[in-house]
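Visitor: This one is work12.txt, compact mmCIF, C-alpha atoms.
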# COMPACT_ATOMS: atom_id res chain seq x y z
CA MET A 1 54.07 9.02 95.08
CA ARG A 2 55.48 7.54 98.23
CA ILE A 3 58.50 8.97 99.99
CA PRO A 4 61.64 7.02 98.96
CA PRO A 5 63.13 4.79 101.71
CA GLY A 6 65.82 6.49 103.77
CA LEU A 7 64.54 10.06 103.22
CA GLN A 8 64.43 11.96 106.50
CA ILE A 9 61.43 14.27 106.90
CA SER A 10 61.60 17.14 109.37
CA SER A 11 58.84 17.56 111.93
CA SER A 12 57.74 20.84 110.36
CA SER A 13 57.35 19.23 106.95
CA SER A 14 55.42 16.24 108.30
CA SER A 15 52.86 18.49 109.91
CA THR A 16 51.81 20.12 106.65
CA ALA A 17 48.48 19.18 105.12
CA SER A 18 49.82 18.31 101.65
CA PRO A 19 52.13 15.26 101.31
CA LEU A 20 55.68 15.62 99.98
CA VAL A 21 56.39 14.59 96.38
CA CYS A 22 59.43 14.61 94.10
CA LYS A 23 59.59 17.15 91.30
CA LEU A 24 61.11 16.05 87.97
CA ARG A 25 63.85 18.54 87.10
CA LYS A 26 65.64 16.61 84.36
CA SER A 27 64.71 13.58 82.24
CA LEU A 28 67.07 10.67 82.83
CA TYR A 29 67.59 7.37 81.04
CA GLY A 30 65.03 4.78 82.06
CA LEU A 31 62.10 7.18 82.29
CA LYS A 32 59.31 7.02 79.72
CA GLN A 33 59.58 10.76 79.12
CA ALA A 34 63.33 10.67 78.42
CA SER A 35 63.31 9.68 74.75
CA ARG A 36 60.47 12.07 73.91
CA GLN A 37 62.14 14.99 75.66
CA TRP A 38 65.50 14.24 74.03
CA PHE A 39 63.98 13.99 70.55
CA SER A 40 62.04 17.23 71.09
CA LYS A 41 65.21 19.08 72.07
CA LEU A 42 67.21 17.63 69.18
CA SER A 43 64.42 18.49 66.71
CA ASP A 44 64.32 22.10 67.88
CA ALA A 45 68.09 22.37 67.46
CA LEU A 46 68.01 20.95 63.92
CA LEU A 47 65.05 23.07 62.87
CA SER A 48 66.89 26.17 64.06
CA ARG A 49 69.66 25.36 61.54
CA GLY A 50 67.23 25.16 58.65
CA TYR A 51 66.68 21.40 58.58
CA ILE A 52 63.27 20.07 57.59
CA ALA A 53 61.59 17.24 59.49
CA SER A 54 60.10 14.63 57.19
CA LYS A 55 56.37 14.00 57.47
CA ASN A 56 56.89 10.48 56.13
CA ASP A 57 59.54 9.41 58.66
CA TYR A 58 59.78 11.39 61.88
CA SER A 59 63.41 10.33 62.44
CA LEU A 60 64.54 11.85 59.12
CA PHE A 61 65.83 15.43 58.72
CA THR A 62 67.08 16.97 55.48
CA LYS A 63 68.61 20.24 54.32
CA SER A 64 69.06 21.02 50.64
CA SER A 65 70.31 24.09 48.82
CA GLY A 66 71.08 23.81 45.13
CA ALA A 67 73.41 20.86 44.65
CA SER A 68 73.97 20.56 48.40
CA LEU A 69 72.07 17.87 50.29
CA VAL A 70 72.58 16.72 53.88
CA ILE A 71 70.53 13.88 55.39
CA LEU A 72 70.33 13.09 59.10
CA VAL A 73 68.67 10.00 60.59
CA VAL A 74 68.11 9.65 64.35
CA TYR A 75 67.54 6.54 66.44
CA VAL A 76 67.34 7.62 70.11
CA ASP A 77 70.88 8.96 70.68
CA ASP A 78 72.52 7.43 67.59
CA ILE A 79 72.77 9.67 64.54
CA LEU A 80 73.61 8.69 60.97
CA LEU A 81 74.74 11.60 58.80
CA ALA A 82 75.12 11.54 55.02
CA GLY A 83 75.42 14.19 52.37
CA SER A 84 77.22 15.75 49.43
CA ASP A 85 78.24 18.94 51.25
CA ILE A 86 81.27 18.19 53.43
CA ALA A 87 81.44 21.75 54.77
CA GLU A 88 77.84 21.68 55.99
CA MET A 89 78.31 18.24 57.54
CA THR A 90 81.39 19.45 59.42
CA ALA A 91 79.57 22.56 60.62
CA LEU A 92 76.57 20.47 61.71
CA LYS A 93 78.74 18.09 63.74
CA GLN A 94 80.39 21.06 65.44
CA PHE A 95 76.96 22.56 66.17
CA LEU A 96 75.69 19.28 67.66
CA ASP A 97 78.83 18.94 69.73
CA ASP A 98 78.33 22.43 71.15
CA GLN A 99 74.73 21.62 71.99
CA PHE A 100 74.92 18.02 73.19
CA LYS A 101 78.61 16.95 73.42
CA ILE A 102 78.48 14.20 70.81
CA LYS A 103 81.08 11.64 69.77
CA ASP A 104 82.12 11.66 66.12
CA LEU A 105 82.67 8.00 65.19
CA GLY A 106 83.86 8.78 61.65
CA LEU A 107 82.82 6.91 58.53
CA VAL A 108 80.03 4.50 59.23
CA HIS A 109 81.00 0.85 59.70
CA TYR A 110 78.49 -0.29 62.31
CA PHE A 111 75.08 1.22 63.02
CA MET A 112 72.35 -0.32 65.19
CA GLY A 113 73.59 -3.85 64.58
CA LEU A 114 74.04 -3.31 60.83
CA GLU A 115 77.51 -3.51 59.34
CA VAL A 116 78.24 -1.19 56.41
CA SER A 117 81.11 -2.23 54.12
CA SER A 118 82.36 0.19 51.50
CA HIS A 119 82.71 -1.18 47.98
CA PRO A 120 83.61 0.37 44.59
CA ASP A 121 80.05 -0.35 43.46
CA GLY A 122 78.39 1.18 46.54
CA TYR A 123 77.80 -0.19 50.02
CA VAL A 124 77.10 -3.67 51.34
CA LEU A 125 74.75 -3.92 54.33
CA HIS A 126 75.16 -7.14 56.29
CA GLN A 127 75.12 -8.54 59.84
CA HIS A 128 78.13 -10.81 59.85
CA LYS A 129 79.05 -10.31 63.50
CA TYR A 130 75.43 -10.59 64.63
CA THR A 131 74.99 -13.84 62.70
CA SER A 132 78.26 -15.29 63.98
CA ASP A 133 77.33 -14.47 67.57
CA LEU A 134 73.90 -16.02 67.03
CA LEU A 135 75.38 -19.25 65.69
CA GLU A 136 77.82 -19.37 68.59
CA GLU A 137 75.08 -18.71 71.17
CA PHE A 138 73.03 -21.67 69.98
CA LYS A 139 76.12 -23.90 69.55
CA CYS A 140 75.83 -24.62 65.83
CA SER A 141 79.52 -25.25 65.16
CA HIS A 142 79.05 -29.04 65.13
CA LEU A 143 76.08 -28.90 62.72
CA SER A 144 76.30 -29.16 58.95
CA PRO A 145 75.04 -26.25 56.81
CA LEU A 146 71.89 -26.51 54.71
CA SER A 147 70.95 -24.94 51.38
CA THR A 148 67.46 -23.63 52.27
CA PRO A 149 66.08 -21.84 55.35
CA LEU A 150 63.09 -24.21 55.68
CA ASP A 151 62.30 -27.70 54.46
CA PRO A 152 59.45 -27.39 51.89
CA SER A 153 58.30 -30.95 52.61
CA ILE A 154 57.55 -30.29 56.31
CA LYS A 155 54.28 -28.54 57.13
CA LEU A 156 54.33 -27.11 60.65
CA THR A 157 51.11 -26.99 62.68
CA VAL A 158 50.27 -25.55 66.08
CA ASP A 159 49.73 -28.85 67.94
CA MET A 160 52.35 -31.11 66.37
CA GLY A 161 55.01 -32.77 68.54
CA ASP A 162 55.79 -32.45 72.24
CA PRO A 163 55.89 -29.08 74.02
CA LEU A 164 59.28 -27.53 74.68
CA PRO A 165 60.42 -27.69 78.32
CA ASP A 166 61.66 -24.09 78.09
CA PRO A 167 59.67 -22.03 75.53
CA SER A 168 61.80 -18.91 76.20
CA ILE A 169 64.69 -20.39 74.20
CA TYR A 170 62.54 -20.65 71.07
CA ARG A 171 61.10 -17.17 71.58
CA ARG A 172 64.55 -15.64 72.00
CA LEU A 173 65.81 -17.38 68.86
CA VAL A 174 62.88 -16.23 66.72
CA GLY A 175 63.27 -12.69 68.09
CA LYS A 176 66.92 -12.64 67.07
CA LEU A 177 66.07 -14.01 63.62
CA ASN A 178 63.46 -11.28 63.28
CA PHE A 179 66.17 -8.64 63.67
CA LEU A 180 68.38 -10.46 61.16
CA GLN A 181 65.89 -10.08 58.32
CA HIS A 182 66.76 -6.36 58.08
CA THR A 183 69.56 -7.41 55.71
CA ARG A 184 68.41 -10.93 54.84
CA PRO A 185 65.22 -10.95 52.74
CA ASP A 186 65.83 -14.64 52.10
CA VAL A 187 64.78 -15.51 55.67
CA ALA A 188 61.76 -13.15 55.85
CA TYR A 189 59.22 -15.90 55.17
CA SER A 190 60.90 -18.29 57.60
CA VAL A 191 60.74 -15.74 60.43
CA GLN A 192 57.09 -14.95 59.66
CA HIS A 193 56.23 -18.65 59.62
CA LEU A 194 58.04 -19.49 62.87
CA SER A 195 56.53 -16.47 64.66
CA GLN A 196 53.11 -18.13 64.53
CA PHE A 197 54.15 -20.64 67.20
CA LEU A 198 55.55 -18.30 69.86
CA GLN A 199 52.71 -18.88 72.30
CA THR A 200 53.14 -22.66 72.67
CA PRO A 201 56.29 -23.71 70.81
CA ARG A 202 56.94 -27.42 70.36
CA VAL A 203 59.89 -29.60 69.43
CA PRO A 204 59.26 -29.59 65.63
CA HIS A 205 59.06 -25.80 65.72
CA MET A 206 62.45 -25.60 67.46
CA LEU A 207 63.95 -28.02 64.94
CA ALA A 208 62.67 -25.79 62.12
CA ALA A 209 64.25 -22.74 63.79
CA LEU A 210 67.56 -24.63 64.05
CA HIS A 211 67.15 -25.45 60.36
CA VAL A 212 67.26 -21.69 59.68
CA LEU A 213 70.47 -21.40 61.71
CA ARG A 214 72.06 -24.19 59.69
CA TYR A 215 71.11 -22.29 56.53
CA LEU A 216 72.80 -19.15 57.88
CA MET A 217 76.03 -21.13 58.34
CA THR A 218 76.47 -21.30 54.55
CA ALA A 219 77.03 -17.51 54.25
CA PRO A 220 76.92 -15.65 57.59
CA ALA A 221 78.18 -12.42 55.95
CA GLN A 222 75.45 -12.35 53.32
CA GLY A 223 73.67 -9.03 52.89
CA VAL A 224 72.29 -6.56 50.34
CA LEU A 225 74.26 -4.37 47.95
CA LEU A 226 73.20 -0.73 47.65
CA SER A 227 74.65 0.32 44.32
CA ASN A 228 75.92 3.84 43.56
CA THR A 229 74.67 3.74 39.98
CA PRO A 230 72.54 6.73 38.90
CA ASP A 231 69.56 4.46 38.22
CA PHE A 232 66.62 5.45 40.45
CA ALA A 233 63.90 3.37 38.83
CA LEU A 234 61.45 1.98 41.37
CA ALA A 235 59.95 -1.48 40.79
CA ALA A 236 57.72 -3.67 42.97
CA PHE A 237 56.83 -7.37 43.00
CA SER A 238 53.68 -8.67 44.67
CA ASP A 239 52.74 -12.26 45.43
CA SER A 240 50.63 -14.35 47.79
CA ASP A 241 50.19 -17.99 48.76
CA TRP A 242 46.50 -18.79 49.11
CA ALA A 243 45.27 -20.53 52.30
CA THR A 244 48.80 -21.57 53.22
CA CYS A 245 48.10 -21.70 56.97
CA ALA A 246 46.77 -25.16 57.80
CA HIS A 247 45.21 -23.96 61.07
CA SER A 248 43.46 -20.70 60.09
CA ARG A 249 43.45 -21.10 56.27
CA ARG A 250 44.75 -17.56 55.92
CA SER A 251 46.98 -16.56 53.03
CA VAL A 252 50.48 -15.09 53.13
CA THR A 253 51.27 -11.76 51.50
CA GLY A 254 54.76 -11.01 50.21
CA PHE A 255 56.23 -8.06 48.38
CA PHE A 256 59.69 -7.01 47.26
CA ILE A 257 60.62 -3.47 46.11
CA THR A 258 63.84 -2.39 44.40
CA LEU A 259 65.38 1.02 43.66
CA GLY A 260 67.71 0.88 40.72
CA GLY A 261 67.79 -2.89 41.08
CA CYS A 262 68.80 -2.68 44.76
CA PRO A 263 66.44 -4.08 47.41
CA ILE A 264 65.05 -1.39 49.72
CA SER A 265 61.81 -2.85 51.09
CA TRP A 266 60.41 -6.36 51.55
CA LYS A 267 57.82 -8.04 53.72
CA SER A 268 56.23 -11.40 54.42
CA LYS A 269 53.06 -11.39 56.49
CA LYS A 270 49.97 -13.49 57.03
CA GLN A 271 46.77 -11.78 55.87
CA PRO A 272 44.40 -10.77 58.71
CA THR A 273 41.31 -12.20 56.98
CA ILE A 274 40.49 -15.38 55.09
CA SER A 275 40.49 -14.98 51.31
CA LEU A 276 37.82 -17.00 49.53
CA SER A 277 39.91 -17.43 46.37
CA SER A 278 43.48 -17.11 45.16
CA VAL A 279 42.40 -14.05 43.14
CA GLU A 280 41.25 -12.31 46.30
CA ALA A 281 44.50 -13.19 48.06
CA GLU A 282 46.55 -11.75 45.20
CA TYR A 283 44.38 -8.63 45.13
CA ARG A 284 44.91 -8.06 48.85
CA ALA A 285 48.66 -8.44 48.30
CA LEU A 286 48.49 -5.76 45.61
CA ARG A 287 46.84 -3.42 48.10
CA LYS A 288 49.78 -3.82 50.51
CA VAL A 289 52.43 -3.14 47.91
CA ALA A 290 50.51 -0.17 46.50
CA ALA A 291 50.48 1.46 49.94
CA GLU A 292 54.21 0.77 50.37
CA VAL A 293 55.03 2.25 46.97
CA SER A 294 52.97 5.35 47.75
CA TRP A 295 54.91 5.88 50.99
CA LEU A 296 58.29 5.23 49.36
CA VAL A 297 57.64 7.76 46.60
CA ARG A 298 56.94 10.43 49.21
CA LEU A 299 59.93 9.40 51.34
CA LEU A 300 62.33 9.41 48.40
CA GLY A 301 60.98 12.83 47.48
CA ASP A 302 62.18 14.06 50.87
CA LEU A 303 65.63 12.75 49.93
CA GLY A 304 65.64 14.75 46.72
CA LEU A 305 64.75 11.87 44.40
CA SER A 306 61.99 12.41 41.87
CA ILE A 307 60.50 9.02 41.01
CA THR A 308 59.17 8.70 37.50
CA ALA A 309 55.56 7.52 37.55
CA PRO A 310 53.99 5.12 37.01
CA VAL A 311 55.91 2.63 39.16
CA PRO A 312 55.66 -0.87 37.66
CA VAL A 313 54.10 -3.46 39.99
CA PHE A 314 54.59 -7.04 38.84
CA CYS A 315 52.05 -9.72 39.70
CA ASP A 316 51.76 -13.31 38.48
CA SER A 317 47.94 -13.43 38.63
CA GLN A 318 46.14 -12.28 35.50
CA ALA A 319 42.79 -12.47 37.27
CA ALA A 320 43.91 -10.12 40.06
CA LEU A 321 45.19 -7.62 37.47
CA HIS A 322 41.82 -7.69 35.69
CA VAL A 323 39.99 -7.04 38.97
CA ALA A 324 42.22 -4.04 39.71
CA LYS A 325 41.93 -2.58 36.21
CA ASN A 326 38.18 -3.16 35.76
CA PRO A 327 36.06 -0.71 37.81
CA VAL A 328 32.86 -2.68 37.10
CA PHE A 329 31.19 -4.15 40.19
CA HIS A 330 31.94 -7.84 40.65
CA GLU A 331 29.44 -10.11 42.40
CA ARG A 332 32.19 -12.35 43.75
CA MET A 333 34.25 -9.40 45.05
CA LYS A 334 31.53 -7.50 46.93
CA HIS A 335 32.70 -8.79 50.33
CA ILE A 336 36.17 -7.25 49.95
CA GLU A 337 36.75 -4.20 52.11
CA VAL A 338 36.76 -0.78 50.47
CA ASP A 339 40.39 -0.17 51.46
CA CYS A 340 41.52 -2.99 49.16
CA HIS A 341 40.27 -0.97 46.19
CA TYR A 342 43.02 1.53 47.02
CA VAL A 343 44.87 -0.30 44.23
CA ARG A 344 42.41 1.11 41.68
CA ASP A 345 42.90 4.63 43.03
CA CYS A 346 46.68 4.34 42.68
CA LEU A 347 46.25 2.91 39.20
CA SER A 348 43.87 5.63 38.02
CA SER A 349 46.06 8.41 39.47
CA GLY A 350 49.07 7.13 37.52
CA LEU A 351 51.17 6.25 40.57
CA ILE A 352 51.53 2.59 39.59
CA SER A 353 51.14 0.42 36.52
CA LEU A 354 50.17 -3.23 36.87
CA GLN A 355 52.13 -5.72 34.80
CA PHE A 356 52.04 -9.48 34.53
CA VAL A 357 55.11 -11.55 35.30
CA ARG A 358 55.58 -15.31 35.05
CA SER A 359 55.69 -17.20 38.33
CA SER A 360 59.22 -18.35 37.52
CA ALA A 361 60.36 -14.70 37.43
CA GLN A 362 58.34 -13.57 40.47
CA LEU A 363 60.92 -12.27 42.98
CA ALA A 364 58.35 -12.02 45.78
CA ASP A 365 57.77 -15.76 45.58
CA ILE A 366 60.52 -16.24 48.17
CA MET A 367 58.44 -14.15 50.63
CA THR A 368 55.38 -16.41 50.53
CA LYS A 369 56.58 -20.01 50.73
CA ALA A 370 59.50 -22.31 51.43
CA LEU A 371 61.30 -23.12 48.17
CA HIS A 372 63.54 -25.98 47.12
CA GLY A 373 67.30 -25.42 46.93
CA PRO A 374 67.81 -24.70 43.19
CA LEU A 375 64.88 -22.29 42.94
CA HIS A 376 65.79 -20.60 46.22
CA HIS A 377 69.38 -19.90 45.18
CA SER A 378 68.39 -18.80 41.67
CA LEU A 379 66.30 -16.04 43.25
CA LEU A 380 69.04 -14.82 45.62
CA GLY A 381 71.09 -13.23 42.83
CA LYS A 382 67.99 -11.56 41.39
CA LEU A 383 67.11 -10.20 44.83
CA GLY A 384 70.45 -8.41 45.13
CA VAL A 385 71.55 -10.57 48.08
CA PHE A 386 75.33 -11.03 48.17
CA SER A 387 78.15 -11.91 50.50
CA PRO A 388 80.84 -9.19 50.77
CA SER A 389 83.60 -11.72 50.02
CA SER A 390 81.84 -12.82 46.82
CA LEU A 391 81.79 -9.32 45.34
CA LYS A 392 84.62 -8.52 42.96
CA GLY A 393 87.16 -6.13 44.44
CA GLY A 394 86.53 -6.97 48.11
CA VAL A 395 84.96 -4.56 50.58
CA ASN A 396 87.80 -2.17 51.41
CA GLY A 397 87.44 0.20 48.49
CA SER A 398 85.75 3.59 48.46
CA PRO A 399 82.55 4.31 46.52
CA ASN A 400 82.94 6.27 43.31
CA SER A 401 80.03 8.57 43.99
CA GLY A 402 77.09 9.22 46.28
CA PRO A 403 76.75 10.61 49.79
CA THR A 404 79.35 10.02 52.46
CA PRO A 405 77.72 8.60 55.62
CA THR A 406 79.21 9.25 59.03
CA HIS A 407 78.15 8.07 62.44
CA THR A 408 77.78 10.21 65.54
CA GLN A 409 76.46 9.44 69.00
CA GLN A 410 75.49 11.38 72.08
CA PRO A 411 77.47 10.14 75.10
CA THR A 412 75.39 8.04 77.51
Please re-express this file's structure in structure tokens.
Guide:
Amino acid sequence: MRIPPGLQISSSSSSTASPLVCKLRKSLYGLKQASRQWFSKLSDALLSRGYIASKNDYSLFTKSSGASLVILVVYVDDILLAGSDIAEMTALKQFLDDQFKIKDLGLVHYFMGLEVSSHPDGYVLHQHKYTSDLLEEFKCSHLSPLSTPLDPSIKLTVDMGDPLPDPSIYRRLVGKLNFLQHTRPDVAYSVQHLSQFLQTPRVPHMLAALHVLRYLMTAPAQGVLLSNTPDFALAAFSDSDWATCAHSRRSVTGFFITLGGCPISWKSKKQPTISLSSVEAEYRALRKVAAEVSWLVRLLGDLGLSITAPVPVFCDSQAALHVAKNPVFHERMKHIEVDCHYVRDCLSSGLISLQFVRSSAQLADIMTKALHGPLHHSLLGKLGVFSPSSLKGGVNGSPNSGPTPTHTQQPT
């Protein structure tokens, strides 16, 4: 490395054969090594207290003994702590303070942009402040709200309309909407659809993005309810929209997974390859949800939850279910990659069970296409998407049972 400007070098040092360099004595913020070194030190400290690092999520640490369970989640220098053993949680916070000088922020209300509101039925996760700031940033106060995130009658293409004079505005908006879908599964498809036009955004694309903002105006505090009921039944819904992309003719995969009726995982994504039939598209969607269910079962096991197998996976394509259940070689399916047949492995091992569901009751339908107002809003209640003000009893109560999350942070 070069000598920093302003550093005075003595004549004796300049005459040496080897050039002078700077030696790294301590990792600081801004260096690529900083986060890795910090996480390594924190991991060693937690492991020394008997905590176990999860192999399914490297940011998750757990410690269980009998009825005692303490869960710790790390994101850089922000720590979320939950558990049923108050004494162990207090001792752990004191230990971390001795080691790293942390700040105890008390009961969790705000974590990484997510707002957590306590409720007698559990917790409501929403992004009210984030949504309000987003609407204010893009000056939406004079616009009227809309009932759906996208207009089903408008089909966006790559080359439609005039180019935007400043594409960075569209990219920033879509990026902010992407973060919002952590608590808003109802906008997952819209964000996936708008993300296809980031390279060369045009005026119709920006109008569609503003359409999403006008939809958010109807309920900016909307989020998901995590219930404290003792129901830990896992259920998954899988769907696809065949050849929905007008440019590439690729299909869209969508899945929605609930735990005790509460949404915990959802996704909307364009398939990487072209499916030659709607059956193939549905089968590829089943492969995605089977992998997600397999990971969730292992992750929930780290949290002390034993999921009863098989996990029901609901699909609205009878043909795709027959392909997954029938191990006989199919002439029309020979081009499908071997990894897609992972569904059969999960089915034969008893991890999942495939069940048919009518398209009208398919919850993942909202992840694959833009829906009309009545159908869109009829699915919101089934998805477990609520606004804190709409829940009976408000959001200032305390949960009846379950772990008590607290928030800690290492000073920057």
Visitor: Between atom CA of His109 of chain A and atom CA of Asp44 of chain A, what is the spacing in Å?
Guide: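 If I compute the distance from atom CA of Asp44 of chain A to atom CA of His109 of chain A, I get 28.2 Å.
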Visitor: Would you compute the distance between atom CA of Leu180 of chain A and atom CA of Ser132 of chain A? Give it in Å to one decimal.
Guide: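 So the answer is 11.4 Å.
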Visitor: If we count all atoms listed in the file, what is near Tyr51 of chain A at a cut-off of 8 Å, once residues fewer than 6 positions away on the same chain are taken out, given as JSON, numbers by chain?
Guide: {"A": [61, 62, 63]}
Visitor: Check which residues of segment 126-158 of chain A sit at most 9 Å from segment 204-219 of chain A using all atoms listed in the file, and return one row each with the closest pair of atoms and their distance in Å to one decimal, ordered by chain and rising number, as CSV.
Guide:
residue,atom,partner,partner_atom,distance
A:His128,CA,A:Ala219,CA,8.8
A:Thr131,CA,A:Leu216,CA,7.5
A:Ser132,CA,A:Met217,CA,8.4
A:Leu134,CA,A:Leu213,CA,8.3
A:Leu135,CA,A:Leu213,CA,6.7
A:Phe138,CA,A:Leu210,CA,8.6
A:Cys140,CA,A:Arg214,CA,7.2
A:Ser141,CA,A:Met217,CA,8.7
A:Leu143,CA,A:Arg214,CA,6.9
A:Ser144,CA,A:Arg214,CA,6.6
A:Pro145,CA,A:Arg214,CA,4.6
A:Leu146,CA,A:Tyr215,CA,4.7
A:Ser147,CA,A:Tyr215,CA,5.8
A:Thr148,CA,A:Tyr215,CA,5.8
A:Pro149,CA,A:Val212,CA,4.5
A:Leu150,CA,A:Val212,CA,6.3
A:Asp151,CA,A:Ala208,CA,7.9
A:Ile154,CA,A:Ala208,CA,9.0
A:Leu156,CA,A:His205,CA,7.1
A:Thr157,CA,A:His205,CA,8.6
A:Val158,CA,A:His205,CA,8.8
Visitor: Just give me the residues with any atom within 10 Å of (76.2, -0.8, 60.2), file coordinates, counting only C-alpha atoms, written as a ChimeraX atom specification.
Guide: /A:80,108-117,124-127,407
Visitor: For C-alpha atoms, I'd like the residues from the last selection saved as a PDB file, in the frame of the given file.
Guide:
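Saved to out.pdb:
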ATOM      1  CA  LEU A  80      73.610   8.690  60.970  1.00  0.00           C
ATOM      2  CA  VAL A 108      80.030   4.500  59.230  1.00  0.00           C
ATOM      3  CA  HIS A 109      81.000   0.850  59.700  1.00  0.00           C
ATOM      4  CA  TYR A 110      78.490  -0.290  62.310  1.00  0.00           C
ATOM      5  CA  PHE A 111      75.080   1.220  63.020  1.00  0.00           C
ATOM      6  CA  MET A 112      72.350  -0.320  65.190  1.00  0.00           C
ATOM      7  CA  GLY A 113      73.590  -3.850  64.580  1.00  0.00           C
ATOM      8  CA  LEU A 114      74.040  -3.310  60.830  1.00  0.00           C
ATOM      9  CA  GLU A 115      77.510  -3.510  59.340  1.00  0.00           C
ATOM     10  CA  VAL A 116      78.240  -1.190  56.410  1.00  0.00           C
ATOM     11  CA  SER A 117      81.110  -2.230  54.120  1.00  0.00           C
ATOM     12  CA  VAL A 124      77.100  -3.670  51.340  1.00  0.00           C
ATOM     13  CA  LEU A 125      74.750  -3.920  54.330  1.00  0.00           C
ATOM     14  CA  HIS A 126      75.160  -7.140  56.290  1.00  0.00           C
ATOM     15  CA  GLN A 127      75.120  -8.540  59.840  1.00  0.00           C
ATOM     16  CA  HIS A 407      78.150   8.070  62.440  1.00  0.00           C
TER      17      HIS A 407
END
Visitor: For atom CA of Thr258 of chain A and atom CA of Val313 of chain A, determine how far apart the two atoms are, in Å to one decimal place.
Guide: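 Straight-line distance from atom CA of Thr258 of chain A to atom CA of Val313 of chain A works out to 10.7 Å.
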Visitor: I'd like the box whose edges run along x, y and z of the file and which contains every listed atom of segment 130-136 of chain A, padded by 4 Å per side; could you state its centre and edge lengths in Å, one decimal, as AutoDock Vina command-line options?
Guide:
--center_x 76.1 --center_y -15.0 --center_z 65.6 --size_x 12.4 --size_y 16.8 --size_z 13.9
Visitor: Restricting the calculation to all atoms listed in the file, which member of A:Ile366, A:Asn56, A:Thr253, A:Phe179 is positioned closest to Ser294 of chain A?
Guide: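 Residue with the minimum atom-to-atom distance to Ser294 of chain A: A:Asn56.
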Visitor: From the options A:Glu282, A:Ala235, A:Glu136, A:Pro220, which residue's atoms come nearest to Val297 of chain A, counting all atoms listed in the file?
Guide: A:Ala235
